[in-house]
$ cat data04.pdb   # PDB, C-alpha atoms, pLDDT in the B column
ATOM      1  CA  MET W  57      20.465 -18.055 -94.735  1.00 64.00           C
ATOM      2  CA  THR W  58      19.089 -21.338 -95.991  1.00 70.00           C
ATOM      3  CA  ASP W  59      15.407 -22.219 -96.225  1.00 66.00           C
ATOM      4  CA  GLU W  60      15.990 -25.025 -93.745  1.00 74.00           C
ATOM      5  CA  ARG W  61      17.448 -22.637 -91.199  1.00 73.00           C
ATOM      6  CA  LEU W  62      14.560 -20.187 -91.700  1.00 63.00           C
ATOM      7  CA  GLU W  63      12.038 -22.979 -91.162  1.00 70.00           C
ATOM      8  CA  ARG W  64      13.825 -24.154 -88.016  1.00 77.00           C
ATOM      9  CA  LEU W  65      13.807 -20.654 -86.536  1.00 71.00           C
ATOM     10  CA  GLU W  66      10.165 -20.106 -87.350  1.00 71.00           C
ATOM     11  CA  SER W  67       9.241 -23.539 -85.931  1.00 79.00           C
ATOM     12  CA  ILE W  68      10.466 -22.442 -82.492  1.00 84.00           C
ATOM     13  CA  GLY W  69       8.524 -19.155 -82.639  1.00 76.00           C
ATOM     14  CA  PHE W  70      11.341 -16.854 -83.721  1.00 69.00           C
ATOM     15  CA  ARG W  71       9.999 -13.356 -84.390  1.00 70.00           C
ATOM     16  CA  TRP W  72      11.587 -11.339 -87.145  1.00 63.00           C
ATOM     17  CA  ALA W  73      12.224  -7.687 -86.448  1.00 59.00           C
ATOM     18  CA  LYS W  74      10.344  -5.410 -88.790  1.00 53.00           C
ATOM     19  CA  ARG W  75      11.993  -2.396 -90.305  1.00 53.00           C
ATOM     20  CA  LYS W  76       9.926   0.558 -89.252  1.00 57.00           C
ATOM     21  CA  GLY W  77      11.082   3.109 -91.789  1.00 70.00           C
ATOM     22  CA  GLN W  78       8.699   5.915 -92.644  1.00 77.00           C
ATOM     23  CA  VAL W  79       5.683   4.177 -91.120  1.00 81.00           C
ATOM     24  CA  GLY W  80       7.412   4.113 -87.730  1.00 92.00           C
ATOM     25  CA  TRP W  81       8.479   7.732 -88.110  1.00 95.00           C
ATOM     26  CA  ASP W  82       4.929   8.788 -88.917  1.00 95.00           C
ATOM     27  CA  LYS W  83       3.610   6.916 -85.872  1.00 95.00           C
ATOM     28  CA  LYS W  84       6.035   8.692 -83.542  1.00 97.00           C
ATOM     29  CA  TYR W  85       5.250  12.016 -85.223  1.00 97.00           C
ATOM     30  CA  GLU W  86       1.559  11.464 -84.422  1.00 97.00           C
ATOM     31  CA  GLU W  87       2.480  10.617 -80.821  1.00 97.00           C
ATOM     32  CA  LEU W  88       4.444  13.882 -80.668  1.00 98.00           C
ATOM     33  CA  ILE W  89       1.387  15.798 -81.881  1.00 98.00           C
ATOM     34  CA  GLN W  90      -0.644  14.150 -79.099  1.00 98.00           C
ATOM     35  CA  TYR W  91       2.060  15.058 -76.565  1.00 98.00           C
ATOM     36  CA  LYS W  92       1.910  18.684 -77.720  1.00 97.00           C
ATOM     37  CA  ALA W  93      -1.887  18.725 -77.422  1.00 98.00           C
ATOM     38  CA  LYS W  94      -1.584  17.524 -73.826  1.00 97.00           C
ATOM     39  CA  PHE W  95       1.457  19.533 -72.659  1.00 97.00           C
ATOM     40  CA  GLY W  96       1.481  22.549 -75.010  1.00 97.00           C
ATOM     41  CA  ASN W  97       4.972  21.952 -76.419  1.00 96.00           C
ATOM     42  CA  CYS W  98       7.225  19.368 -78.058  1.00 96.00           C
ATOM     43  CA  HIS W  99       9.763  19.230 -75.219  1.00 95.00           C
ATOM     44  CA  VAL W 100       9.474  15.509 -74.536  1.00 96.00           C
ATOM     45  CA  PRO W 101      11.936  14.436 -71.845  1.00 94.00           C
ATOM     46  CA  THR W 102      14.315  11.716 -73.009  1.00 91.00           C
ATOM     47  CA  LYS W 103      13.110   9.512 -70.148  1.00 92.00           C
ATOM     48  CA  PHE W 104       9.410  10.423 -70.423  1.00 93.00           C
ATOM     49  CA  LYS W 105       7.738   7.845 -68.176  1.00 94.00           C
ATOM     50  CA  GLU W 106       4.422   7.781 -70.037  1.00 94.00           C
ATOM     51  CA  ASN W 107       6.108   6.969 -73.355  1.00 95.00           C
ATOM     52  CA  LYS W 108       9.811   6.165 -73.104  1.00 93.00           C
ATOM     53  CA  THR W 109      10.151   5.419 -76.810  1.00 95.00           C
ATOM     54  CA  LEU W 110       8.771   8.856 -77.727  1.00 97.00           C
ATOM     55  CA  GLY W 111      11.378  10.553 -75.544  1.00 95.00           C
ATOM     56  CA  ARG W 112      14.165   8.584 -77.198  1.00 95.00           C
ATOM     57  CA  TRP W 113      12.678   9.256 -80.646  1.00 97.00           C
ATOM     58  CA  VAL W 114      12.633  13.024 -80.039  1.00 97.00           C
ATOM     59  CA  SER W 115      16.251  12.889 -78.889  1.00 95.00           C
ATOM     60  CA  GLN W 116      17.149  10.882 -81.990  1.00 96.00           C
ATOM     61  CA  GLN W 117      15.492  13.465 -84.256  1.00 97.00           C
ATOM     62  CA  ARG W 118      17.745  16.139 -82.798  1.00 97.00           C
ATOM     63  CA  ALA W 119      20.819  13.939 -83.297  1.00 96.00           C
ATOM     64  CA  GLU W 120      19.851  13.159 -86.898  1.00 97.00           C
ATOM     65  CA  TYR W 121      19.213  16.853 -87.569  1.00 97.00           C
ATOM     66  CA  LYS W 122      22.673  17.741 -86.283  1.00 96.00           C
ATOM     67  CA  LYS W 123      24.263  15.173 -88.628  1.00 97.00           C
ATOM     68  CA  PHE W 124      22.106  16.461 -91.497  1.00 96.00           C
ATOM     69  CA  GLN W 125      23.245  20.047 -90.837  1.00 96.00           C
ATOM     70  CA  HIS W 126      26.890  18.941 -90.964  1.00 96.00           C
ATOM     71  CA  GLY W 127      26.449  17.068 -94.241  1.00 95.00           C
ATOM     72  CA  LEU W 128      26.873  13.662 -92.618  1.00 96.00           C
ATOM     73  CA  LYS W 129      24.859  10.552 -93.397  1.00 95.00           C
ATOM     74  CA  SER W 130      21.508  10.980 -91.688  1.00 96.00           C
ATOM     75  CA  LYS W 131      17.961   9.678 -91.711  1.00 94.00           C
ATOM     76  CA  MET W 132      16.747  13.274 -91.481  1.00 95.00           C
ATOM     77  CA  THR W 133      15.132  14.793 -94.571  1.00 95.00           C
ATOM     78  CA  VAL W 134      13.926  18.246 -95.535  1.00 95.00           C
ATOM     79  CA  GLU W 135      10.351  16.925 -95.426  1.00 94.00           C
ATOM     80  CA  LYS W 136      10.786  15.704 -91.847  1.00 96.00           C
ATOM     81  CA  ILE W 137      12.342  19.017 -90.819  1.00 96.00           C
ATOM     82  CA  ILE W 138       9.396  20.945 -92.279  1.00 96.00           C
ATOM     83  CA  ARG W 139       6.853  18.684 -90.610  1.00 97.00           C
ATOM     84  CA  LEU W 140       8.543  18.922 -87.212  1.00 98.00           C
ATOM     85  CA  GLU W 141       8.992  22.680 -87.386  1.00 97.00           C
ATOM     86  CA  ARG W 142       5.358  23.084 -88.456  1.00 97.00           C
ATOM     87  CA  ILE W 143       4.253  21.772 -85.043  1.00 97.00           C
ATOM     88  CA  GLY W 144       6.742  23.893 -83.100  1.00 96.00           C
ATOM     89  CA  PHE W 145       9.562  21.379 -82.663  1.00 97.00           C
ATOM     90  CA  GLN W 146      12.778  22.971 -81.392  1.00 95.00           C
ATOM     91  CA  TRP W 147      16.074  21.509 -82.515  1.00 95.00           C
ATOM     92  CA  PHE W 148      18.085  22.825 -79.596  1.00 88.00           C
ATOM     93  CA  MET W 149      16.970  22.837 -75.998  1.00 75.00           C
ATOM     94  CA  LEU W 150      18.150  25.576 -73.676  1.00 67.00           C
ATOM     95  CA  ILE W 151      19.054  24.289 -70.246  1.00 60.00           C
TER      96      ILE W 151
END
$ encode --input "data04.pdb" --output "structure tokens"
Amino acid sequence: MTDERLERLESIGFRWAKRKGQVGWDKKYEELIQYKAKFGNCHVPTKFKENKTLGRWVSQQRAEYKKFQHGLKSKMTVEKIIRLERIGFQWFMLI
């Protein structure tokens, strides 16, 4: 993208999406800890009305874990697994 095009976008108030990476993961992890303190578990519903993004994040962690377990490309790491399990996170929910 050219400098001119960047300037034109910014002149009309264009907002650039920020890559959340580890900082975003840590923020959601802290929200999960708060959820557990309030509800006594880490079973956040996917459509949790109080924090819809947390519910989706929890679901995504399970999906990434499944890919990780099968040796597929995943954002899950051993460190994240340890941290989640340390607070009682369950990878599989029984219905």
$ resolve_selection --input "data04.pdb" --expression "the PyMOL selection byres ((chain W and resi 97-99) around 7)" --output "JSON, numbers by chain"
{"W": [88, 91, 92, 95, 96, 100, 101, 144, 145]}
$ resolve_selection --input "data04.pdb" --expression "the PyMOL selection byres ((chain W and resi 118) around 10)" --output "PDB file with C-alpha atoms, keeping the file's coordinate frame"
ATOM      1  CA  TRP W 113      12.678   9.256 -80.646  1.00 97.00           C
ATOM      2  CA  VAL W 114      12.633  13.024 -80.039  1.00 97.00           C
ATOM      3  CA  SER W 115      16.251  12.889 -78.889  1.00 95.00           C
ATOM      4  CA  GLN W 116      17.149  10.882 -81.990  1.00 96.00           C
ATOM      5  CA  GLN W 117      15.492  13.465 -84.256  1.00 97.00           C
ATOM      6  CA  ALA W 119      20.819  13.939 -83.297  1.00 96.00           C
ATOM      7  CA  GLU W 120      19.851  13.159 -86.898  1.00 97.00           C
ATOM      8  CA  TYR W 121      19.213  16.853 -87.569  1.00 97.00           C
ATOM      9  CA  LYS W 122      22.673  17.741 -86.283  1.00 96.00           C
ATOM     10  CA  LYS W 123      24.263  15.173 -88.628  1.00 97.00           C
ATOM     11  CA  PHE W 124      22.106  16.461 -91.497  1.00 96.00           C
ATOM     12  CA  MET W 132      16.747  13.274 -91.481  1.00 95.00           C
ATOM     13  CA  PHE W 145       9.562  21.379 -82.663  1.00 97.00           C
ATOM     14  CA  GLN W 146      12.778  22.971 -81.392  1.00 95.00           C
ATOM     15  CA  TRP W 147      16.074  21.509 -82.515  1.00 95.00           C
ATOM     16  CA  PHE W 148      18.085  22.825 -79.596  1.00 88.00           C
ATOM     17  CA  MET W 149      16.970  22.837 -75.998  1.00 75.00           C
TER      18      MET W 149
END
$ axis_aligned_box --input "data04.pdb" --around "region 109-116 of chain W" --padding-each-side "3 Å" --output "JSON"
{"center_x": 13.0, "center_y": 9.2, "center_z": -78.8, "size_x": 14.4, "size_y": 13.6, "size_z": 12.4}
$ resolve_selection --input "data04.pdb" --expression "the PyMOL selection byres ((chain W and resi 77-86) around 10)" --output "list in words"
Lys74, Arg75, Lys76, Glu87, Leu88, Ile89, Gln90, Tyr91, Lys92, Thr109, Leu110, Gly111, Trp113, Val114, Gln117, Lys131, Lys136, Arg139, Leu140 and Ile143 of chain W
$ atom_distance --input "data04.pdb" --atom1 "CA of Thr58 (chain W)" --atom2 "CA of Arg71 (chain W)"
16.8 Å
$ atom_distance --input "data04.pdb" --atom1 "CA of Val134 (chain W)" --atom2 "CA of Arg112 (chain W)"
20.7 Å
$ build_atoms --input "data04.pdb" --residues "region 84-95 of chain W" --atoms "all heavy atoms" --output "tab-separated table (two decimals), in the frame of the given file"
chain	number	residue	atom	x	y	z
W	84	LYS	N	5.45	7.89	-84.61
W	84	LYS	CA	6.04	8.69	-83.54
W	84	LYS	C	5.69	10.17	-83.71
W	84	LYS	O	5.47	10.88	-82.73
W	84	LYS	CB	7.55	8.50	-83.48
W	84	LYS	CG	7.95	7.15	-82.95
W	84	LYS	CD	7.49	7.01	-81.52
W	84	LYS	CE	7.72	5.62	-80.99
W	84	LYS	NZ	6.89	5.33	-79.84
W	85	TYR	N	5.64	10.63	-84.95
W	85	TYR	CA	5.25	12.02	-85.22
W	85	TYR	C	3.83	12.27	-84.69
W	85	TYR	O	3.58	13.30	-84.05
W	85	TYR	CB	5.35	12.28	-86.72
W	85	TYR	CG	4.94	13.67	-87.13
W	85	TYR	CD1	5.81	14.75	-86.96
W	85	TYR	CD2	3.71	13.92	-87.73
W	85	TYR	CE1	5.45	16.03	-87.34
W	85	TYR	CE2	3.34	15.19	-88.12
W	85	TYR	CZ	4.20	16.24	-87.93
W	85	TYR	OH	3.84	17.51	-88.31
W	86	GLU	N	2.93	11.33	-84.93
W	86	GLU	CA	1.56	11.46	-84.42
W	86	GLU	C	1.55	11.46	-82.89
W	86	GLU	O	0.78	12.20	-82.27
W	86	GLU	CB	0.67	10.35	-84.98
W	86	GLU	CG	0.37	10.50	-86.47
W	86	GLU	CD	-0.32	11.81	-86.82
W	86	GLU	OE1	-1.19	12.27	-86.04
W	86	GLU	OE2	0.03	12.39	-87.87
W	87	GLU	N	2.38	10.63	-82.29
W	87	GLU	CA	2.48	10.62	-80.82
W	87	GLU	C	3.00	11.96	-80.30
W	87	GLU	O	2.57	12.44	-79.26
W	87	GLU	CB	3.38	9.48	-80.36
W	87	GLU	CG	2.78	8.11	-80.57
W	87	GLU	CD	3.73	6.98	-80.21
W	87	GLU	OE1	4.73	7.21	-79.49
W	87	GLU	OE2	3.48	5.85	-80.65
W	88	LEU	N	3.92	12.57	-81.05
W	88	LEU	CA	4.44	13.88	-80.67
W	88	LEU	C	3.34	14.94	-80.75
W	88	LEU	O	3.25	15.81	-79.88
W	88	LEU	CB	5.63	14.26	-81.56
W	88	LEU	CG	6.30	15.60	-81.27
W	88	LEU	CD1	6.82	15.67	-79.83
W	88	LEU	CD2	7.43	15.84	-82.26
W	89	ILE	N	2.51	14.86	-81.76
W	89	ILE	CA	1.39	15.80	-81.88
W	89	ILE	C	0.45	15.64	-80.68
W	89	ILE	O	-0.02	16.63	-80.11
W	89	ILE	CB	0.64	15.58	-83.21
W	89	ILE	CG1	1.51	16.05	-84.38
W	89	ILE	CG2	-0.71	16.30	-83.21
W	89	ILE	CD1	0.97	15.72	-85.75
W	90	GLN	N	0.20	14.40	-80.27
W	90	GLN	CA	-0.64	14.15	-79.10
W	90	GLN	C	0.00	14.69	-77.82
W	90	GLN	O	-0.67	15.26	-76.96
W	90	GLN	CB	-0.92	12.66	-78.96
W	90	GLN	CG	-1.80	12.11	-80.06
W	90	GLN	CD	-1.89	10.59	-80.03
W	90	GLN	OE1	-1.38	9.93	-79.13
W	90	GLN	NE2	-2.52	10.03	-81.05
W	91	TYR	N	1.33	14.52	-77.71
W	91	TYR	CA	2.06	15.06	-76.56
W	91	TYR	C	1.89	16.57	-76.51
W	91	TYR	O	1.60	17.14	-75.46
W	91	TYR	CB	3.54	14.69	-76.67
W	91	TYR	CG	4.39	15.26	-75.55
W	91	TYR	CD1	4.65	14.50	-74.41
W	91	TYR	CD2	4.92	16.54	-75.62
W	91	TYR	CE1	5.41	15.02	-73.37
W	91	TYR	CE2	5.68	17.06	-74.59
W	91	TYR	CZ	5.92	16.31	-73.47
W	91	TYR	OH	6.68	16.82	-72.44
W	92	LYS	N	2.03	17.22	-77.67
W	92	LYS	CA	1.91	18.68	-77.72
W	92	LYS	C	0.50	19.13	-77.33
W	92	LYS	O	0.33	20.12	-76.62
W	92	LYS	CB	2.26	19.22	-79.10
W	92	LYS	CG	2.20	20.73	-79.15
W	92	LYS	CD	2.57	21.30	-80.47
W	92	LYS	CE	2.48	22.83	-80.39
W	92	LYS	NZ	2.74	23.45	-81.66
W	93	ALA	N	-0.51	18.39	-77.78
W	93	ALA	CA	-1.89	18.73	-77.42
W	93	ALA	C	-2.09	18.66	-75.91
W	93	ALA	O	-2.82	19.46	-75.33
W	93	ALA	CB	-2.85	17.79	-78.14
W	94	LYS	N	-1.44	17.71	-75.27
W	94	LYS	CA	-1.58	17.52	-73.83
W	94	LYS	C	-0.75	18.50	-73.01
W	94	LYS	O	-1.20	19.04	-72.01
W	94	LYS	CB	-1.20	16.09	-73.46
W	94	LYS	CG	-1.42	15.75	-72.00
W	94	LYS	CD	-1.16	14.27	-71.73
W	94	LYS	CE	-1.40	13.92	-70.28
W	94	LYS	NZ	-1.18	12.49	-70.02
W	95	PHE	N	0.52	18.74	-73.46
W	95	PHE	CA	1.46	19.53	-72.66
W	95	PHE	C	1.75	20.93	-73.22
W	95	PHE	O	2.42	21.72	-72.57
W	95	PHE	CB	2.77	18.77	-72.49
W	95	PHE	CG	2.61	17.50	-71.71
W	95	PHE	CD1	2.54	16.27	-72.35
W	95	PHE	CD2	2.53	17.50	-70.32
W	95	PHE	CE1	2.40	15.08	-71.64
W	95	PHE	CE2	2.37	16.33	-69.60
W	95	PHE	CZ	2.30	15.11	-70.26
